[in-house]
Structure formats: C-alpha cells, structure tokens
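Have a look at coords05.cif; it's mmCIF, C-alpha atoms and all ligand atoms:
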```
data_target
loop_
_atom_site.group_PDB
_atom_site.id
_atom_site.type_symbol
_atom_site.label_atom_id
_atom_site.label_comp_id
_atom_site.auth_asym_id
_atom_site.auth_seq_id
_atom_site.Cartn_x
_atom_site.Cartn_y
_atom_site.Cartn_z
ATOM 1 C CA MET A 117 23.571 19.100 10.742
ATOM 2 C CA GLU A 118 20.423 20.656 12.164
ATOM 3 C CA TRP A 119 19.410 18.003 14.680
ATOM 4 C CA PRO A 120 15.685 18.111 15.565
ATOM 5 C CA ARG A 121 14.465 19.560 18.875
ATOM 6 C CA HIS A 122 11.409 17.315 18.867
ATOM 7 C CA ILE A 123 10.844 13.786 17.629
ATOM 8 C CA PRO A 124 9.749 13.946 13.991
ATOM 9 C CA THR A 125 6.787 12.021 12.593
ATOM 10 C CA LEU A 126 7.670 10.428 9.253
ATOM 11 C CA THR A 127 5.544 8.348 6.909
ATOM 12 C CA ASP A 128 5.718 6.768 3.480
ATOM 13 C CA GLY A 129 1.972 6.129 3.374
ATOM 14 C CA VAL A 130 2.314 2.517 4.572
ATOM 15 C CA ILE A 131 4.228 2.815 7.841
ATOM 16 C CA THR A 132 4.624 5.750 10.196
ATOM 17 C CA LEU A 133 7.502 6.557 12.516
ATOM 18 C CA ARG A 134 6.207 8.388 15.580
ATOM 19 C CA ALA A 135 7.115 9.046 19.204
ATOM 20 C CA LEU A 136 6.736 6.095 21.562
ATOM 21 C CA GLU A 137 3.636 6.048 23.798
ATOM 22 C CA PRO A 138 2.747 4.079 26.951
ATOM 23 C CA SER A 139 0.224 2.060 24.911
ATOM 24 C CA ASP A 140 3.179 0.651 22.908
ATOM 25 C CA ILE A 141 4.737 -1.153 25.895
ATOM 26 C CA ASP A 142 3.308 -4.626 25.239
ATOM 27 C CA ASP A 143 4.304 -4.510 21.574
ATOM 28 C CA VAL A 144 7.796 -3.264 22.477
ATOM 29 C CA LEU A 145 8.079 -6.233 24.839
ATOM 30 C CA GLU A 146 6.984 -8.654 22.108
ATOM 31 C CA THR A 147 9.500 -7.127 19.687
ATOM 32 C CA ALA A 148 12.523 -7.156 21.971
ATOM 33 C CA ALA A 149 11.889 -10.325 24.005
ATOM 34 C CA ASP A 150 12.571 -12.440 20.973
ATOM 35 C CA PRO A 151 15.533 -14.724 20.279
ATOM 36 C CA ALA A 152 16.627 -12.841 17.140
ATOM 37 C CA SER A 153 16.417 -9.451 18.834
ATOM 38 C CA GLU A 154 18.367 -10.725 21.834
ATOM 39 C CA ALA A 155 20.975 -12.378 19.594
ATOM 40 C CA PHE A 156 21.490 -9.548 17.128
ATOM 41 C CA THR A 157 21.021 -6.339 19.151
ATOM 42 C CA THR A 158 22.153 -4.866 22.444
ATOM 43 C CA VAL A 159 18.786 -5.207 24.256
ATOM 44 C CA PRO A 160 18.930 -6.626 27.793
ATOM 45 C CA SER A 161 18.623 -10.405 27.902
ATOM 46 C CA PRO A 162 16.367 -11.784 29.213
ATOM 47 C CA TYR A 163 14.131 -8.853 28.223
ATOM 48 C CA THR A 164 11.424 -8.052 30.789
ATOM 49 C CA ARG A 165 8.274 -5.937 30.813
ATOM 50 C CA GLN A 166 10.133 -3.471 33.045
ATOM 51 C CA ASP A 167 12.773 -3.114 30.311
ATOM 52 C CA ALA A 168 9.993 -2.212 27.863
ATOM 53 C CA VAL A 169 8.485 0.297 30.318
ATOM 54 C CA GLU A 170 11.874 1.965 30.825
ATOM 55 C CA PHE A 171 12.581 1.983 27.074
ATOM 56 C CA VAL A 172 9.300 3.772 26.344
ATOM 57 C CA GLU A 173 9.625 6.209 29.273
ATOM 58 C CA THR A 174 13.238 7.059 28.414
ATOM 59 C CA ASN A 175 12.672 7.534 24.715
ATOM 60 C CA ALA A 176 9.180 9.076 24.511
ATOM 61 C CA ALA A 177 10.620 12.572 24.141
ATOM 62 C CA LYS A 178 14.412 12.179 24.031
ATOM 63 C CA VAL A 179 16.085 13.465 20.859
ATOM 64 C CA TRP A 180 19.718 13.952 21.864
ATOM 65 C CA PRO A 181 22.090 12.392 20.874
ATOM 66 C CA GLY A 182 19.519 10.349 18.992
ATOM 67 C CA PHE A 183 15.901 9.263 19.031
ATOM 68 C CA GLU A 184 14.067 5.942 19.111
ATOM 69 C CA VAL A 185 10.590 5.824 17.599
ATOM 70 C CA ALA A 186 7.733 3.423 17.075
ATOM 71 C CA ILE A 187 7.210 1.973 13.608
ATOM 72 C CA THR A 188 3.429 1.735 13.289
ATOM 73 C CA ASP A 189 1.020 0.209 10.781
ATOM 74 C CA SER A 190 -2.160 1.737 9.347
ATOM 75 C CA ASP A 191 -3.994 0.928 12.619
ATOM 76 C CA ASP A 192 -1.351 2.850 14.612
ATOM 77 C CA ARG A 193 -0.155 -0.440 16.136
ATOM 78 C CA LEU A 194 3.556 -0.781 16.853
ATOM 79 C CA VAL A 195 5.185 -3.255 14.455
ATOM 80 C CA GLY A 196 8.753 -2.385 15.390
ATOM 81 C CA THR A 197 11.089 0.303 16.627
ATOM 82 C CA CYS A 198 13.890 2.166 14.935
ATOM 83 C CA GLY A 199 16.315 4.874 15.815
ATOM 84 C CA LEU A 200 18.517 7.562 14.363
ATOM 85 C CA ARG A 201 21.603 8.686 16.263
ATOM 86 C CA ILE A 202 24.457 11.096 15.748
ATOM 87 C CA ARG A 203 27.593 9.109 14.910
ATOM 88 C CA ASP A 204 29.815 12.166 14.248
ATOM 89 C CA GLU A 205 28.196 15.591 14.407
ATOM 90 C CA ASP A 206 31.089 17.588 12.963
ATOM 91 C CA SER A 207 31.330 15.230 9.985
ATOM 92 C CA GLY A 208 27.567 14.993 9.404
ATOM 93 C CA VAL A 209 27.308 11.265 10.039
ATOM 94 C CA THR A 210 24.196 9.598 11.460
ATOM 95 C CA GLU A 211 23.519 5.959 12.314
ATOM 96 C CA VAL A 212 20.326 3.896 11.973
ATOM 97 C CA GLY A 213 19.114 0.861 13.891
ATOM 98 C CA TYR A 214 15.870 -1.136 13.867
ATOM 99 C CA MET A 215 13.945 -4.089 15.229
ATOM 100 C CA VAL A 216 10.675 -5.505 13.891
ATOM 101 C CA ALA A 217 8.068 -7.543 15.805
ATOM 102 C CA PRO A 218 8.301 -11.242 14.879
ATOM 103 C CA ARG A 219 4.680 -11.222 13.612
ATOM 104 C CA ALA A 220 5.504 -8.413 11.160
ATOM 105 C CA ARG A 221 8.827 -9.582 9.710
ATOM 106 C CA GLY A 222 9.373 -10.319 6.036
ATOM 107 C CA GLN A 223 7.004 -7.592 4.829
ATOM 108 C CA GLY A 224 9.555 -4.910 4.073
ATOM 109 C CA ILE A 225 8.931 -2.932 7.250
ATOM 110 C CA ALA A 226 12.576 -2.505 8.276
ATOM 111 C CA THR A 227 13.399 -1.536 4.694
ATOM 112 C CA ARG A 228 10.681 1.139 4.682
ATOM 113 C CA ALA A 229 11.721 2.482 8.087
ATOM 114 C CA THR A 230 15.374 2.645 7.107
ATOM 115 C CA ARG A 231 14.577 4.490 3.887
ATOM 116 C CA LEU A 232 12.572 7.058 5.857
ATOM 117 C CA LEU A 233 15.455 7.600 8.307
ATOM 118 C CA VAL A 234 18.005 7.845 5.502
ATOM 119 C CA ASP A 235 15.956 10.444 3.631
ATOM 120 C CA TYR A 236 15.308 12.298 6.894
ATOM 121 C CA SER A 237 19.069 12.369 7.495
ATOM 122 C CA TRP A 238 19.545 14.214 4.212
ATOM 123 C CA THR A 239 16.889 16.788 5.167
ATOM 124 C CA ILE A 240 18.777 17.662 8.360
ATOM 125 C CA GLY A 241 22.044 18.015 6.489
ATOM 126 C CA ALA A 242 23.785 14.683 6.993
ATOM 127 C CA ALA A 243 26.349 13.571 4.434
ATOM 128 C CA ARG A 244 26.567 9.912 5.448
ATOM 129 C CA VAL A 245 24.409 7.352 7.259
ATOM 130 C CA ALA A 246 26.023 4.347 8.919
ATOM 131 C CA LEU A 247 24.457 0.957 9.605
ATOM 132 C CA ASP A 248 26.227 -1.775 11.547
ATOM 133 C CA ALA A 249 25.056 -5.402 11.655
ATOM 134 C CA PHE A 250 26.469 -8.507 13.231
ATOM 135 C CA ALA A 251 27.924 -10.706 10.499
ATOM 136 C CA GLY A 252 25.436 -13.508 11.245
ATOM 137 C CA ASN A 253 22.420 -11.238 10.876
ATOM 138 C CA ALA A 254 21.469 -12.037 7.275
ATOM 139 C CA ALA A 255 18.085 -10.289 7.465
ATOM 140 C CA SER A 256 19.596 -7.011 8.651
ATOM 141 C CA ARG A 257 22.384 -7.120 6.078
ATOM 142 C CA ALA A 258 19.730 -7.699 3.389
ATOM 143 C CA VAL A 259 17.835 -4.640 4.606
ATOM 144 C CA ALA A 260 20.994 -2.527 4.356
ATOM 145 C CA LEU A 261 21.734 -3.621 0.792
ATOM 146 C CA ARG A 262 18.099 -3.204 -0.259
ATOM 147 C CA CYS A 263 18.210 0.400 0.969
ATOM 148 C CA GLY A 264 21.303 1.150 -1.083
ATOM 149 C CA PHE A 265 23.948 0.930 1.630
ATOM 150 C CA VAL A 266 27.382 -0.238 0.582
ATOM 151 C CA GLU A 267 29.000 -2.991 2.604
ATOM 152 C CA GLU A 268 32.320 -1.416 3.521
ATOM 153 C CA GLY A 269 34.091 -3.987 5.637
ATOM 154 C CA THR A 270 34.093 -6.278 8.632
ATOM 155 C CA LEU A 271 35.372 -5.446 12.090
ATOM 156 C CA ARG A 272 36.508 -8.800 13.395
ATOM 157 C CA SER A 273 35.303 -9.853 16.839
ATOM 158 C CA ALA A 274 34.302 -6.259 17.512
ATOM 159 C CA HIS A 275 31.298 -6.783 19.783
ATOM 160 C CA LEU A 276 30.638 -8.882 22.857
ATOM 161 C CA GLY A 277 26.930 -9.656 22.639
ATOM 162 C CA ASN A 278 24.277 -11.314 24.772
ATOM 163 C CA GLY A 279 25.273 -14.768 25.960
ATOM 164 C CA ASP A 280 28.926 -13.672 25.961
ATOM 165 C CA ILE A 281 29.077 -14.355 22.222
ATOM 166 C CA ARG A 282 31.623 -12.366 20.224
ATOM 167 C CA HIS A 283 30.464 -11.010 16.860
ATOM 168 C CA ASP A 284 32.166 -9.765 13.743
ATOM 169 C CA VAL A 285 30.504 -6.453 12.829
ATOM 170 C CA VAL A 286 29.776 -5.622 9.190
ATOM 171 C CA VAL A 287 29.838 -1.881 8.567
ATOM 172 C CA HIS A 288 27.657 -0.292 5.885
ATOM 173 C CA GLY A 289 27.381 3.278 4.686
ATOM 174 C CA ILE A 290 25.243 5.323 2.347
ATOM 175 C CA LEU A 291 26.213 8.804 1.188
ATOM 176 C CA ARG A 292 23.946 11.674 0.302
ATOM 177 C CA THR A 293 25.611 11.651 -3.093
ATOM 178 C CA ASP A 294 24.636 7.976 -3.556
ATOM 179 C CA THR A 295 20.894 8.687 -3.538
ATOM 180 C CA ASP A 296 19.515 10.836 -6.271
ATOM 181 C CA PRO A 297 16.518 10.795 -6.390
ATOM 182 C CA PRO A 298 15.787 10.103 -2.678
ATOM 183 C CA THR A 299 15.443 6.433 -1.695
ATOM 184 C CA THR A 300 11.706 6.688 -0.888
ATOM 185 C CA ALA A 301 10.984 7.702 -4.478
ATOM 186 C CA GLY A 302 11.825 4.306 -5.910
HETATM 187 C C1 LIG B 401 16.446 -7.528 10.849
HETATM 188 C C2 LIG B 401 14.943 -7.225 10.903
HETATM 189 C C3 LIG B 401 14.753 -5.849 11.538
HETATM 190 C C4 LIG B 401 14.389 -7.216 9.493
HETATM 191 O O1 LIG B 401 13.061 -6.722 9.541
HETATM 192 P P1 LIG B 401 11.996 -7.030 8.368
HETATM 193 O O2 LIG B 401 10.935 -6.002 8.462
HETATM 194 O O3 LIG B 401 11.610 -8.445 8.396
HETATM 195 O O4 LIG B 401 12.922 -6.732 7.107
HETATM 196 P P2 LIG B 401 12.435 -6.591 5.596
HETATM 197 O O5 LIG B 401 11.188 -7.390 5.396
HETATM 198 O O6 LIG B 401 12.427 -5.139 5.251
HETATM 199 O O7 LIG B 401 13.649 -7.231 4.821
HETATM 200 C C5 LIG B 401 14.180 -8.445 5.257
HETATM 201 C C6 LIG B 401 15.133 -8.910 4.215
HETATM 202 O O8 LIG B 401 15.953 -9.918 4.789
HETATM 203 C C7 LIG B 401 15.844 -11.082 4.009
HETATM 204 N N1 LIG B 401 16.036 -12.167 4.945
HETATM 205 C C8 LIG B 401 15.286 -12.479 6.012
HETATM 206 N N2 LIG B 401 15.819 -13.559 6.632
HETATM 207 C C9 LIG B 401 16.922 -13.878 5.940
HETATM 208 C C10 LIG B 401 17.900 -14.892 6.067
HETATM 209 N N3 LIG B 401 17.856 -15.767 7.072
HETATM 210 N N4 LIG B 401 18.885 -14.949 5.152
HETATM 211 C C11 LIG B 401 18.958 -14.048 4.150
HETATM 212 N N5 LIG B 401 18.069 -13.060 3.975
HETATM 213 C C12 LIG B 401 17.062 -12.991 4.861
HETATM 214 C C13 LIG B 401 14.485 -11.002 3.405
HETATM 215 O O9 LIG B 401 14.381 -11.843 2.288
HETATM 216 C C14 LIG B 401 14.438 -9.537 3.052
HETATM 217 O O10 LIG B 401 15.221 -9.220 1.921
HETATM 218 P P3 LIG B 401 14.590 -9.132 0.448
HETATM 219 O O11 LIG B 401 13.364 -8.307 0.571
HETATM 220 O O12 LIG B 401 15.672 -8.507 -0.371
HETATM 221 O O13 LIG B 401 14.263 -10.525 0.090
HETATM 222 C C15 LIG B 401 14.177 -8.291 11.739
HETATM 223 O O14 LIG B 401 14.507 -9.571 11.252
HETATM 224 C C16 LIG B 401 14.475 -8.202 13.216
HETATM 225 O O15 LIG B 401 13.816 -7.467 13.952
HETATM 226 N N6 LIG B 401 15.474 -8.954 13.697
HETATM 227 C C17 LIG B 401 15.871 -8.902 15.091
HETATM 228 C C18 LIG B 401 16.462 -7.546 15.473
HETATM 229 C C19 LIG B 401 17.622 -7.179 14.563
HETATM 230 O O16 LIG B 401 18.364 -8.007 14.095
HETATM 231 N N7 LIG B 401 17.779 -5.852 14.336
HETATM 232 C C20 LIG B 401 18.840 -5.343 13.486
HETATM 233 C C21 LIG B 401 20.125 -5.211 14.211
HETATM 234 S S1 LIG B 401 21.425 -4.652 13.123
#
```

Hey, can you dump this file as structure tokens for me?
Ligand SMILES: CC(C)(COP(=O)(O)OP(=O)(O)OC[C@H]1O[C@@H](n2cnc3c(N)ncnc32)[C@H](O)[C@@H]1OP(=O)(O)O)[C@@H](O)C(=O)NCCC(=O)NCCS
Amino acid sequence: MEWPRHIPTLTDGVITLRALEPSDIDDVLETAADPASEAFTTVPSPYTRQDAVEFVETNAAKVWPGFEVAITDSDDRLVGTCGLRIRDEDSGVTEVGYMVAPRARGQGIATRATRLLVDYSWTIGAARVALDAFAGNAASRAVALRCGFVEEGTLRSAHLGNGDIRHDVVVHGILRTDTDPPTTAG
C-alpha cells in the first residue's frame, strides 16, 4: 500500500471528508457526547469538551497509522467523523470507522463516507477493507451491508465497552475484487 503523507480530501459531491479544524470542536462534541456513540464506540464516557479539543488537535494532521477526518455537508459544517486505519500493512488491509451527529443520522451520510473510504483504499493499493461493529449496533451493521461488505462472523464477547458492558463483535470485510465498478459509481 502507498499510505498517504497528508490527509486526503475526498468528496462525492454531497459530503466531503477533510482534515479536522478547530472550528469543528463543538460539532465533534455533539457527535461523540451522545448515548449511541458512547454505547457503540470506544470514545471516552462521559465525553467532555476537552476530549473533543484533544481529538481535533491530535488528528488535525496525523496520518500514521491512520487518519480521522471530518465529514462535512455543503456548508462545510461537520456532520460526523470517520477514519481509515492500517489493519495489516503487509497484507494490504485497511479498516474504517465512523460516527454521525445525531441531527444528521438516517440520511445516508455514514454510507457515503464509508464508500469514499473504501474506494480510497483501492486507490492506495489495499486489497481488503475491514469494518467491525458491536452486534447490537443495527445502524452500523446496515451501513456495512449497504456498502457491499460481507458479514464474516461474530467474535463472542470480544470487547469490553463503556459502562463495563461486554459486546460481541461482528466482523465485515470487502475485497477489491468485490467492487467492480467502484462503490461510489452506483
Ligand atoms: C451508525 C451511524 C454512524 C450510522 O450513521 P447514518 O449516517 O445515520 O447511517 P446511514 O443513514 O448511512 O445508514 C443507516 C442505516 O441504518 C439503518 N438503521 C438505523 N437504525 C436502525 C435500527 N435501529 N435497526 C436497523 N437498521 C437501522 C437505516 O435504515 C439505514 O439503512 P438503510 O438505508 O439500508 O435503510 C450512526 O447511527 C452513529 O453515529 N451511531 C453512533 C456511533 C456508531 O455507532 N458508530 C459506528 C461504530 S461501528
């Protein structure tokens, strides 16, 4: 894989993925300090404004071993965040993750962002993209299937989440050879 040296800007004409900026902090806070985000991701809980400040400062320019970016609407307002990480460099495997602001859910934003990151993964030479979701996270599992990922199995009690709750983890994968033409074309 040819991992980027700078955070890429990606768009499908409706949403844009771009580097995080200090002006995003309040919207990052709104996105992460939410019961679903705290239940279904690894964000700190309770999530504070200082957590949002540190998230933006840490990730504004970081690309290795992965990057976190803002998902923005046509007004350049943050409607979520998503990330692409190296899962296994030698094997060409990346991993996607995402979180959408409560006010913007149910509009296909996570689906669009995931498709952009999957197609980007192919451009940098990845052969497989992985997506893990807690078994109880129906919305995230729906996003994975909508983007063409295959549900490949369940790791029982594999993650200790916020609130000391154990989660089964459903693993999904999509292969470069699964998507022809690219997912954003359809
Ligand atoms: C998961 C999440 C990112 C989805 O974002 P979104 O932009 O609303 O997702 P989309 O609109 O692209 O797609 C949501 C899909 O889930 C479905 N969905 C939503 N709630 C659902 C539920 N309770 N049961 C079943 N399906 C559900 C929607 O119908 C839609 O699928 P469809 O278009 O095939 O009908 C958002 O709910 C979120 O931020 N949750 C908290 C953080 C999180 O869970 N991150 C993922 C960790 S793996």

*Enumerate, as a PyMOL selection string, the residues matched when the PyMOL selection byres (((not hetatm)) within 6 of (chain B and resi 401)) is run on the file above.*
chain A and resi 152-153+156-157+214-216+221-227+248-249+254-256+258-259+262

*Rounded to one decimal place, report the CA of Ala186 (chain A)-CA of Ala274 (chain A) distance in Å.*
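Straight-line distance from CA of Ala186 (chain A) to CA of Ala274 (chain A) works out to 28.3 Å.
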
Specify as a CSV table (one decimal) with C-alpha atoms, in the coordinates of the input each residue included when the PyMOL selection byres (((chain A and resi 203) around 12) and not hetatm) is applied to this file.
```
chain,number,residue,atom,x,y,z
A,117,MET,CA,23.6,19.1,10.7
A,180,TRP,CA,19.7,14.0,21.9
A,181,PRO,CA,22.1,12.4,20.9
A,182,GLY,CA,19.5,10.3,19.0
A,200,LEU,CA,18.5,7.6,14.4
A,201,ARG,CA,21.6,8.7,16.3
A,202,ILE,CA,24.5,11.1,15.7
A,204,ASP,CA,29.8,12.2,14.2
A,205,GLU,CA,28.2,15.6,14.4
A,206,ASP,CA,31.1,17.6,13.0
A,207,SER,CA,31.3,15.2,10.0
A,208,GLY,CA,27.6,15.0,9.4
A,209,VAL,CA,27.3,11.3,10.0
A,210,THR,CA,24.2,9.6,11.5
A,211,GLU,CA,23.5,6.0,12.3
A,212,VAL,CA,20.3,3.9,12.0
A,213,GLY,CA,19.1,0.9,13.9
A,237,SER,CA,19.1,12.4,7.5
A,242,ALA,CA,23.8,14.7,7.0
A,243,ALA,CA,26.3,13.6,4.4
A,244,ARG,CA,26.6,9.9,5.4
A,245,VAL,CA,24.4,7.4,7.3
A,246,ALA,CA,26.0,4.3,8.9
A,247,LEU,CA,24.5,1.0,9.6
A,248,ASP,CA,26.2,-1.8,11.5
A,289,GLY,CA,27.4,3.3,4.7
```

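Shell of Ala168 (chain A) at 10 Å, with only C-alpha atoms counted and residues fewer than 6 places along the chain excluded, is Pro138, Asp140, Ile141, Asp142, Asp143, Val144, Leu145, Glu146, Thr147, Ala148, Ala149, Val159, Pro160 and Thr174 of chain A.
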
*Reference answer for the PyMOL selection byres (((chain A and resi 271) around 12) and not hetatm), as an MDAnalysis selection string*: chainID A and resid 248:251 267:270 272:275 282:288

Can those selected residues be exported to a file as a compact mmCIF listing (two decimals), in the frame of the given file so that it contains C-alpha atoms?
```txt
# COMPACT_ATOMS: atom_id res chain seq x y z
CA ASP A 248 26.23 -1.78 11.55
CA ALA A 249 25.06 -5.40 11.66
CA PHE A 250 26.47 -8.51 13.23
CA ALA A 251 27.92 -10.71 10.50
CA GLU A 267 29.00 -2.99 2.60
CA GLU A 268 32.32 -1.42 3.52
CA GLY A 269 34.09 -3.99 5.64
CA THR A 270 34.09 -6.28 8.63
CA ARG A 272 36.51 -8.80 13.40
CA SER A 273 35.30 -9.85 16.84
CA ALA A 274 34.30 -6.26 17.51
CA HIS A 275 31.30 -6.78 19.78
CA ARG A 282 31.62 -12.37 20.22
CA HIS A 283 30.46 -11.01 16.86
CA ASP A 284 32.17 -9.76 13.74
CA VAL A 285 30.50 -6.45 12.83
CA VAL A 286 29.78 -5.62 9.19
CA VAL A 287 29.84 -1.88 8.57
CA HIS A 288 27.66 -0.29 5.88
```

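Closest to Ile131 (chain A) among A:Thr239, A:Asn175, A:Thr230, A:Thr158 is A:Thr230, based on only C-alpha atoms.
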
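In terms of minimum interatomic distance to Thr125 (chain A), A:Leu233 ranks closest within A:Gln166, A:Val266, A:Leu233, A:Ser139, counting only C-alpha atoms.
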
*Report the distance between CA of Pro162 (chain A) and CA of Arg219 (chain A) in Å, rounded to one decimal place.*
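Atom-to-atom, CA of Pro162 (chain A) and CA of Arg219 (chain A) are spaced 19.5 Å apart.
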